[in-house]
Amino acid sequence: MLDGITGTVAIGVTVALAVAGERASKKREKAFWERYGSFEGFRGQVDEEKIQRVREEQGYVAAIKAVRRTYPYVSLLFAKRYVEELPA
């Protein structure tokens, strides 16, 4: 009986976390579009030299993390795209 209750609680927590994560993602996406208007609008506001330096010294993953840390409304997908499109 205890295993059934534990499993049910685990499923409930998992669903609650998924819903909360989805809400946070949508909120971040809305804030991104309100703030930047487009990917190009975002690109124009990024300190390109700083992110290039991080990419050169620490690699792509660190550069993506730097973008996300500095611009918290940017999705992982857009941060990755930005870093990949930086000139070499």
# chains A, B, ... in the order shown; residues from 1 in each chain; ligands from 1
>>> residues_around(residues="segment 29-34 of chain A", least_positions_apart="5", cutoff="12 Å", atoms="only C-alpha atoms", output="PyMOL selection string")
chain A and resi 22-24+39-43+68+71-79
>>> write_last_selection(atoms="N, CA, C and O atoms", output="PDB file, in the first residue's frame")
ATOM      1  N   GLU A  22       6.600  24.735 -17.559  1.00  0.00           N
ATOM      2  CA  GLU A  22       5.954  25.215 -18.785  1.00  0.00           C
ATOM      3  C   GLU A  22       5.494  26.659 -18.616  1.00  0.00           C
ATOM      4  O   GLU A  22       5.670  27.488 -19.517  1.00  0.00           O
ATOM      5  N   ARG A  23       4.933  26.976 -17.474  1.00  0.00           N
ATOM      6  CA  ARG A  23       4.492  28.355 -17.216  1.00  0.00           C
ATOM      7  C   ARG A  23       5.681  29.311 -17.213  1.00  0.00           C
ATOM      8  O   ARG A  23       5.615  30.392 -17.781  1.00  0.00           O
ATOM      9  N   ALA A  24       6.757  28.911 -16.578  1.00  0.00           N
ATOM     10  CA  ALA A  24       7.961  29.753 -16.530  1.00  0.00           C
ATOM     11  C   ALA A  24       8.522  29.958 -17.930  1.00  0.00           C
ATOM     12  O   ALA A  24       8.961  31.056 -18.286  1.00  0.00           O
ATOM     13  N   PHE A  39      14.658  38.132 -32.783  1.00  0.00           N
ATOM     14  CA  PHE A  39      16.009  37.625 -32.531  1.00  0.00           C
ATOM     15  C   PHE A  39      17.032  38.684 -32.931  1.00  0.00           C
ATOM     16  O   PHE A  39      18.028  38.893 -32.243  1.00  0.00           O
ATOM     17  N   GLU A  40      16.786  39.390 -34.033  1.00  0.00           N
ATOM     18  CA  GLU A  40      17.705  40.438 -34.482  1.00  0.00           C
ATOM     19  C   GLU A  40      17.758  41.590 -33.476  1.00  0.00           C
ATOM     20  O   GLU A  40      18.815  42.173 -33.254  1.00  0.00           O
ATOM     21  N   GLY A  41      16.624  41.914 -32.884  1.00  0.00           N
ATOM     22  CA  GLY A  41      16.596  42.939 -31.839  1.00  0.00           C
ATOM     23  C   GLY A  41      17.430  42.532 -30.645  1.00  0.00           C
ATOM     24  O   GLY A  41      18.146  43.342 -30.048  1.00  0.00           O
ATOM     25  N   PHE A  42      17.333  41.259 -30.283  1.00  0.00           N
ATOM     26  CA  PHE A  42      18.152  40.728 -29.196  1.00  0.00           C
ATOM     27  C   PHE A  42      19.625  40.786 -29.572  1.00  0.00           C
ATOM     28  O   PHE A  42      20.462  41.265 -28.811  1.00  0.00           O
ATOM     29  N   ARG A  43      19.951  40.321 -30.765  1.00  0.00           N
ATOM     30  CA  ARG A  43      21.338  40.272 -31.224  1.00  0.00           C
ATOM     31  C   ARG A  43      21.993  41.650 -31.132  1.00  0.00           C
ATOM     32  O   ARG A  43      23.152  41.781 -30.779  1.00  0.00           O
ATOM     33  N   ARG A  68      22.815  33.253 -21.402  1.00  0.00           N
ATOM     34  CA  ARG A  68      21.619  33.016 -20.571  1.00  0.00           C
ATOM     35  C   ARG A  68      21.707  33.735 -19.230  1.00  0.00           C
ATOM     36  O   ARG A  68      20.718  34.218 -18.698  1.00  0.00           O
ATOM     37  N   TYR A  71      21.399  37.598 -20.117  1.00  0.00           N
ATOM     38  CA  TYR A  71      20.095  37.923 -20.715  1.00  0.00           C
ATOM     39  C   TYR A  71      19.106  36.826 -20.335  1.00  0.00           C
ATOM     40  O   TYR A  71      18.848  35.909 -21.112  1.00  0.00           O
ATOM     41  N   PRO A  72      18.543  36.893 -19.137  1.00  0.00           N
ATOM     42  CA  PRO A  72      17.745  35.783 -18.599  1.00  0.00           C
ATOM     43  C   PRO A  72      16.455  35.466 -19.357  1.00  0.00           C
ATOM     44  O   PRO A  72      15.909  34.387 -19.192  1.00  0.00           O
ATOM     45  N   TYR A  73      16.001  36.365 -20.209  1.00  0.00           N
ATOM     46  CA  TYR A  73      14.774  36.089 -20.953  1.00  0.00           C
ATOM     47  C   TYR A  73      15.028  35.310 -22.235  1.00  0.00           C
ATOM     48  O   TYR A  73      14.092  34.957 -22.939  1.00  0.00           O
ATOM     49  N   VAL A  74      16.271  35.048 -22.534  1.00  0.00           N
ATOM     50  CA  VAL A  74      16.628  34.359 -23.773  1.00  0.00           C
ATOM     51  C   VAL A  74      16.519  32.846 -23.567  1.00  0.00           C
ATOM     52  O   VAL A  74      17.030  32.305 -22.590  1.00  0.00           O
ATOM     53  N   SER A  75      15.872  32.189 -24.495  1.00  0.00           N
ATOM     54  CA  SER A  75      15.732  30.740 -24.417  1.00  0.00           C
ATOM     55  C   SER A  75      17.072  30.062 -24.699  1.00  0.00           C
ATOM     56  O   SER A  75      17.978  30.667 -25.287  1.00  0.00           O
ATOM     57  N   LEU A  76      17.182  28.829 -24.302  1.00  0.00           N
ATOM     58  CA  LEU A  76      18.380  28.054 -24.583  1.00  0.00           C
ATOM     59  C   LEU A  76      18.606  27.960 -26.082  1.00  0.00           C
ATOM     60  O   LEU A  76      19.743  28.100 -26.562  1.00  0.00           O
ATOM     61  N   LEU A  77      17.543  27.787 -26.838  1.00  0.00           N
ATOM     62  CA  LEU A  77      17.641  27.688 -28.292  1.00  0.00           C
ATOM     63  C   LEU A  77      18.211  28.969 -28.906  1.00  0.00           C
ATOM     64  O   LEU A  77      19.109  28.918 -29.744  1.00  0.00           O
ATOM     65  N   PHE A  78      17.714  30.122 -28.472  1.00  0.00           N
ATOM     66  CA  PHE A  78      18.222  31.385 -29.014  1.00  0.00           C
ATOM     67  C   PHE A  78      19.646  31.664 -28.549  1.00  0.00           C
ATOM     68  O   PHE A  78      20.450  32.218 -29.300  1.00  0.00           O
ATOM     69  N   ALA A  79      19.963  31.324 -27.317  1.00  0.00           N
ATOM     70  CA  ALA A  79      21.334  31.517 -26.832  1.00  0.00           C
ATOM     71  C   ALA A  79      22.303  30.673 -27.651  1.00  0.00           C
ATOM     72  O   ALA A  79      23.363  31.143 -28.070  1.00  0.00           O
TER      73      ALA A  79
END
>>> closest_residue(among="A:Pro87, A:Thr14, A:Ser25, A:Gly37", to="Arg55 of chain A", atoms="only C-alpha atoms")
A:Pro87
>>> residues_around(residues="Gln52 of chain A", least_positions_apart="5", cutoff="9 Å", atoms="only C-alpha atoms", output="JSON, numbers by chain")
{"A": [47, 57, 63, 83, 86, 87, 88]}
>>> write_last_selection(atoms="C-alpha atoms", output="tab-separated table (two decimals), in the first residue's frame")
chain	number	residue	atom	x	y	z
A	47	ASP	CA	27.94	42.49	-25.92
A	57	GLU	CA	38.58	30.94	-23.81
A	63	ALA	CA	29.40	31.08	-23.96
A	83	VAL	CA	26.74	31.73	-30.05
A	86	LEU	CA	29.05	34.64	-33.96
A	87	PRO	CA	31.91	35.31	-36.35
A	88	ALA	CA	35.01	33.21	-35.73
>>> atom_distance(atom1="atom CA of Ala62 of chain A", atom2="atom CA of Glu48 of chain A")
14.2 Å
